[in-house]
Each structure stands twice: as structure tokens, then as C-alpha cells.
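Raw contents of structure_24.txt, compact mmCIF, C-alpha atoms and all ligand atoms:
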# COMPACT_ATOMS: atom_id res chain seq x y z
CA MET A 186 0.53 -19.19 14.56
CA ARG A 187 -2.73 -17.30 14.49
CA TYR A 188 -2.36 -15.41 11.27
CA PHE A 189 -0.07 -14.31 8.53
CA LEU A 190 -0.06 -11.51 6.02
CA ILE A 191 1.46 -11.18 2.62
CA ALA A 192 1.54 -8.29 0.21
CA LEU A 193 3.56 -7.94 -2.97
CA LEU A 194 3.86 -5.57 -5.86
CA PRO A 195 5.92 -5.71 -9.01
CA LEU A 196 5.11 -2.41 -10.69
CA MET A 197 4.29 1.12 -9.69
CA LEU A 198 4.16 4.04 -12.01
CA LEU A 199 2.63 7.44 -11.94
CA LEU A 200 1.96 7.76 -15.63
CA GLY A 201 3.20 10.78 -17.49
CA ASP A 202 6.37 10.76 -15.47
CA GLU A 203 7.84 7.83 -13.64
CA LEU A 204 7.74 9.50 -10.24
CA ILE A 205 8.44 6.41 -8.18
CA VAL A 206 12.13 5.64 -7.65
CA ASN A 207 12.99 1.97 -8.20
CA GLY A 208 9.29 1.19 -8.67
CA GLY A 209 10.10 -2.08 -10.40
CA PHE A 210 12.52 -3.17 -7.65
CA GLU A 211 15.37 -3.87 -10.09
CA GLU A 212 17.71 -2.26 -7.54
CA PRO A 213 17.97 -3.21 -3.83
CA LEU A 214 15.14 -1.86 -1.67
CA SER A 215 17.56 0.62 -0.09
CA VAL A 216 17.37 2.51 -3.39
CA GLY A 217 14.34 4.77 -3.10
CA TRP A 218 12.49 2.88 -0.38
CA THR A 219 12.22 3.03 3.41
CA THR A 220 11.27 0.00 5.50
CA TYR A 221 9.59 -0.17 8.89
CA GLY A 222 8.56 -3.05 11.11
CA GLY A 223 9.27 -5.12 14.20
CA SER A 224 10.89 -8.54 14.52
CA ASN A 225 7.71 -10.19 13.18
CA VAL A 226 7.98 -8.31 9.86
CA THR A 227 10.11 -9.42 6.88
CA ILE A 228 10.48 -7.11 3.87
CA SER A 229 12.23 -8.49 0.81
CA ARG A 230 12.54 -8.50 -2.95
CA SER A 231 12.73 -11.50 -5.26
CA THR A 232 11.92 -12.54 -8.82
CA SER A 233 9.96 -15.54 -7.53
CA TYR A 234 6.83 -14.05 -5.96
CA HIS A 235 5.16 -13.53 -9.33
CA PRO A 236 5.95 -15.97 -12.17
CA ASP A 237 7.22 -13.24 -14.51
CA PRO A 238 11.04 -12.88 -14.82
CA ASP A 239 11.08 -9.47 -13.11
CA TYR A 240 11.43 -8.44 -9.49
CA GLU A 241 8.65 -7.99 -6.94
CA ALA A 242 8.71 -6.78 -3.35
CA ARG A 243 6.98 -8.36 -0.38
CA VAL A 244 5.99 -7.27 3.12
CA TYR A 245 5.33 -10.32 5.30
CA GLN A 246 4.11 -10.19 8.89
CA THR A 247 3.65 -13.15 11.25
CA THR A 248 2.31 -13.62 14.76
CA GLY A 249 2.32 -10.48 16.89
CA GLY A 250 0.83 -7.03 16.59
CA GLY A 251 2.09 -3.86 14.96
CA SER A 252 2.71 -2.87 11.37
CA GLY A 253 5.06 -3.45 8.47
CA LEU A 254 5.73 -0.80 5.86
CA LEU A 255 7.66 -0.38 2.62
CA TYR A 256 7.21 3.20 1.44
CA GLN A 257 8.51 6.29 -0.32
CA THR A 258 7.33 9.89 -0.65
CA GLN A 259 7.66 11.97 -3.82
CA ASP A 260 6.80 15.52 -4.84
CA ILE A 261 4.08 15.74 -7.50
CA PRO A 262 3.49 18.61 -9.94
CA SER A 263 -0.30 18.29 -9.52
CA THR A 264 -2.94 15.63 -8.92
CA ASN A 265 -3.43 15.29 -12.69
CA LEU A 266 -1.78 11.86 -12.62
CA LYS A 267 -2.67 8.31 -13.35
CA PHE A 268 -1.51 5.68 -10.89
CA ARG A 269 -1.10 2.01 -11.71
CA VAL A 270 -0.08 -0.94 -9.57
CA GLN A 271 -0.16 -4.73 -9.61
CA LEU A 272 -0.81 -6.34 -6.25
CA LYS A 273 -1.40 -9.58 -4.43
CA LEU A 274 -2.80 -9.17 -0.93
CA TYR A 275 -3.70 -11.63 1.79
CA ALA A 276 -4.45 -11.48 5.49
CA TYR A 277 -5.69 -14.08 7.93
CA ASP A 278 -6.52 -14.47 11.59
CA ASN A 279 -8.20 -17.30 13.44
CA HIS A 280 -8.91 -15.68 16.79
CA TYR A 281 -12.17 -13.90 17.57
CA SER A 282 -10.52 -10.86 19.16
CA ALA A 283 -7.81 -10.44 16.52
CA TRP A 284 -7.70 -8.83 13.11
CA ALA A 285 -5.15 -8.49 10.34
CA ALA A 286 -4.94 -6.57 7.08
CA ALA A 287 -2.66 -6.24 4.06
CA ALA A 288 -2.94 -3.10 1.98
CA PHE A 289 -1.44 -0.83 -0.61
CA VAL A 290 -1.88 2.81 0.41
CA LEU A 291 -1.65 6.07 -1.52
CA TYR A 292 -1.23 8.94 0.94
CA TYR A 293 -2.07 12.45 -0.26
CA CYS A 294 0.24 14.82 1.62
CA LYS A 295 0.55 18.58 2.04
CA THR A 296 4.05 18.20 3.52
CA ALA A 297 6.22 15.21 4.37
CA THR A 298 4.49 14.96 7.75
CA GLN A 299 0.98 16.30 7.02
CA ILE A 300 -1.34 13.68 5.49
CA LEU A 301 -4.58 15.03 4.00
CA GLY A 302 -6.16 11.73 2.96
CA ARG A 303 -5.63 8.17 1.78
CA THR A 304 -6.76 5.68 -0.83
CA MET A 305 -6.27 2.01 0.04
CA TRP A 306 -6.61 -1.35 -1.61
CA ALA A 307 -7.01 -3.67 1.36
CA TYR A 308 -7.52 -7.33 2.16
CA MET A 309 -9.00 -7.31 5.66
CA SER A 310 -9.77 -10.19 7.98
CA PRO A 311 -13.13 -10.12 9.78
CA GLY A 312 -12.94 -7.63 12.63
CA CYS A 313 -10.63 -5.17 10.87
CA PRO A 314 -12.09 -1.79 11.89
CA TRP A 315 -11.01 0.23 8.84
CA GLN A 316 -13.93 2.17 7.29
CA ASN A 317 -14.44 4.74 4.57
CA SER A 318 -14.55 8.38 5.65
CA SER A 319 -14.20 11.80 4.02
CA THR A 320 -10.40 11.33 4.05
CA LEU A 321 -10.09 7.54 3.60
CA HIS A 322 -11.33 5.53 0.61
CA ILE A 323 -10.95 1.75 0.75
CA TYR A 324 -11.18 -0.59 -2.22
CA LYS A 325 -11.83 -3.94 -0.55
CA VAL A 326 -9.88 -6.83 -2.08
CA THR A 327 -11.48 -10.24 -1.53
CA ASN A 328 -9.40 -12.53 -3.74
CA GLN A 329 -5.83 -13.71 -3.41
CA ASN A 330 -4.87 -13.22 -7.05
CA TRP A 331 -2.46 -10.80 -8.67
CA ASN A 332 -4.70 -7.87 -9.61
CA HIS A 333 -4.05 -4.75 -11.69
CA TYR A 334 -5.40 -1.46 -10.39
CA GLU A 335 -5.34 1.93 -12.05
CA ILE A 336 -6.82 5.23 -10.91
CA ASP A 337 -6.83 8.84 -12.05
CA VAL A 338 -5.62 10.57 -8.88
CA ASP A 339 -7.58 13.80 -9.40
CA GLU A 340 -10.84 11.91 -10.11
CA GLU A 341 -10.24 9.62 -7.16
CA ILE A 342 -9.94 12.56 -4.76
CA ARG A 343 -12.90 14.47 -6.22
CA ASN A 344 -15.20 11.42 -6.35
CA HIS A 345 -14.31 9.65 -3.10
CA LEU A 346 -12.48 11.99 -0.70
CA PRO A 347 -14.61 15.09 -0.02
CA GLY A 348 -12.35 15.99 2.93
CA VAL A 349 -9.30 16.45 0.68
CA ASN A 350 -8.66 19.59 -1.40
CA PRO A 351 -6.72 18.38 -4.47
CA SER A 352 -4.96 21.74 -4.84
CA GLU A 353 -3.33 21.25 -1.42
CA VAL A 354 -1.77 17.90 -2.35
CA LYS A 355 1.93 18.49 -2.99
CA LYS A 356 3.36 15.03 -2.31
CA ILE A 357 2.27 11.44 -2.68
CA ARG A 358 3.45 8.63 -0.46
CA VAL A 359 3.07 5.05 -1.67
CA ALA A 360 3.20 2.22 0.86
CA LEU A 361 2.91 -1.52 0.99
CA TYR A 362 1.40 -1.96 4.42
CA THR A 363 0.51 -4.75 6.82
CA SER A 364 -1.15 -4.31 10.17
CA ALA A 365 -2.43 -6.62 12.89
CA TYR A 366 -4.06 -6.41 16.28
CA HIS A 367 -3.93 -8.90 19.15
CA CYS A 368 -2.66 -11.76 17.03
CA CA A 401 8.74 -12.28 -10.90
Could you rewrite the structure in this file as C-alpha cells?
Ligand SMILES: [Ca+2]
Amino acid sequence: MRYFLIALLPLMLLLGDELIVNGGFEEPLSVGWTTYGGSNVTISRSTSYHPDPDYEARVYQTTGGGSGLLYQTQDIPSTNLKFRVQLKLYAYDNHYSAWAAAAFVLYYCKTATQILGRTMWAYMSPGCPWQNSSTLHIYKVTNQNWNHYEIDVDEEIRNHLPGVNPSEVKKIRVALYTSAYHC
């Protein structure tokens, strides 16, 4: 095996309103969530990933390329929202031509199919080509702990994503995401 990826999250809320359906994973993942991935991707929920008594979800990808995704898209009234998540991310490769990454992604969407920009928390192996741009802001994660993250969505877009007009953002997609190349 050349690499593996793991990404988990127990809690997701857009403060003000709880806009995420089944964000605590108390119900099966089929409630509110869509999964995507090949035979090398396993997406599951359990109470055992984090030591607390509650449920978490995990996207796990092993040898082979491609992506794994656990995601949902919701309408938002405006970008005047706070977003909070708790995450543990890890990615590994041991081959010079390969790379792997585990990430949590907030997609800012105009419609269900038109993505204007993204914010990511990402654990990337050396060689991962992802870079900041006017429509992509990456918070690099370099530890393998459970970490809490919170952002003000409007401030995030205005401060870090000059290519995104906040007034055009009508939907947010949240995704637990793994990706690998040539592994
Ligand atoms: Ca737990």
C-alpha cells in the first residue's frame, strides 16, 4: 500500500440556522448526504472515530487514484453566516510521483452546478498541486489531531476570495473530500 487517507467530522453547523441536514450524523448517511467514490473509497459513520459518545463520519481512501466525497448542498439566505466544523485529516504517500490529500471543502455556488469559489481545510502530502487562487483559499492542516475551525463566511469571501462576489452566492455545498494521484 502506498498511501492512505482519512477524514472525519462530527459536527457541522451554519450558525443562526442549522442549515446542514443530519450534520451530526445521528441518522444514516442517506439522510441528507450524497456519497461518491470508487472501490478504493469507504464512507461510513460510527461513534468510535472520536472518543465522544456521538457519531462522526469518515471518508477513507486506499491505494488507487480518484476521489471520495461525502457532501450536501443547501440554499442560504445570504453569506452572513458563521460556519463551524470539527475535523481530523490525514493523507500519506510514499512514492515520488504520487500525491494524496484529505480535505473539508466549502463550495460557494450560484446554482447547484455553478461553483464560484471554494474554501478548504486540507492535509496534503508533498507533491499535492493545490494552490491558493482568487477563487480557492486553502487552510493547510499539518497535524493529525481533531481540530475545531470556525469562519464568518462573508468575511472569508471578502478577505480571501477576490474572484467571488458574495452577493452571487445562493447555495453552499459542504464536502468531506479525499483525492489521490498515481498511488
Ligand atoms: Ca464519537
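By chain and then residue number, the residues within 8 Å of Ala276 (chain A) are A:Tyr188, A:Phe189, A:Leu190, A:Ile191, A:Ala285, A:Ala286, A:Ala287, A:Tyr308, A:Met309, A:Ser310, counting all atoms listed in the file and disregarding those fewer than 4 positions away in sequence.
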For CA of Ala288 (chain A) and CA of Ala360 (chain A), determine how far apart the two atoms are, in Å to one decimal place.
-> 8.2 Å
Would you kindly return, as a ChimeraX atom specification, each protein, DNA or RNA residue with an atom no farther than 9 Å from any atom of Asp239 (chain A), considering all atoms listed in the file and excluding same-chain residues fewer than 5 positions away?
-> /A:195,209-211,231-233
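Listed by chain and then residue number, the contacts of ligand CA 401 (chain A) are Thr232, Ser233, Tyr234, His235, Pro236, Asp237, Pro238, Asp239, Tyr240 and Glu241 of chain A (distance at most 6 Å, using all atoms listed in the file).
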List the neighbours of Tyr221 (chain A) out to 9 Å using all atoms listed in the file; skip same-chain residues closer than 2 positions along the sequence, and give me the result as a tab-separated table (two decimals) with C-alpha atoms, keeping the file's coordinate frame.
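Okay, this is what ended up in result_28.tsv:
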chain	number	residue	atom	x	y	z
A	219	THR	CA	12.22	3.03	3.41
A	223	GLY	CA	9.27	-5.12	14.20
A	226	VAL	CA	7.98	-8.31	9.86
A	228	ILE	CA	10.48	-7.11	3.87
A	252	SER	CA	2.71	-2.87	11.37
A	253	GLY	CA	5.06	-3.45	8.47
A	254	LEU	CA	5.73	-0.80	5.86
A	255	LEU	CA	7.66	-0.38	2.62
A	256	TYR	CA	7.21	3.20	1.44
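Interatomic distance, CA of Ile357 (chain A) against CA of Gln257 (chain A): 8.4 Å.
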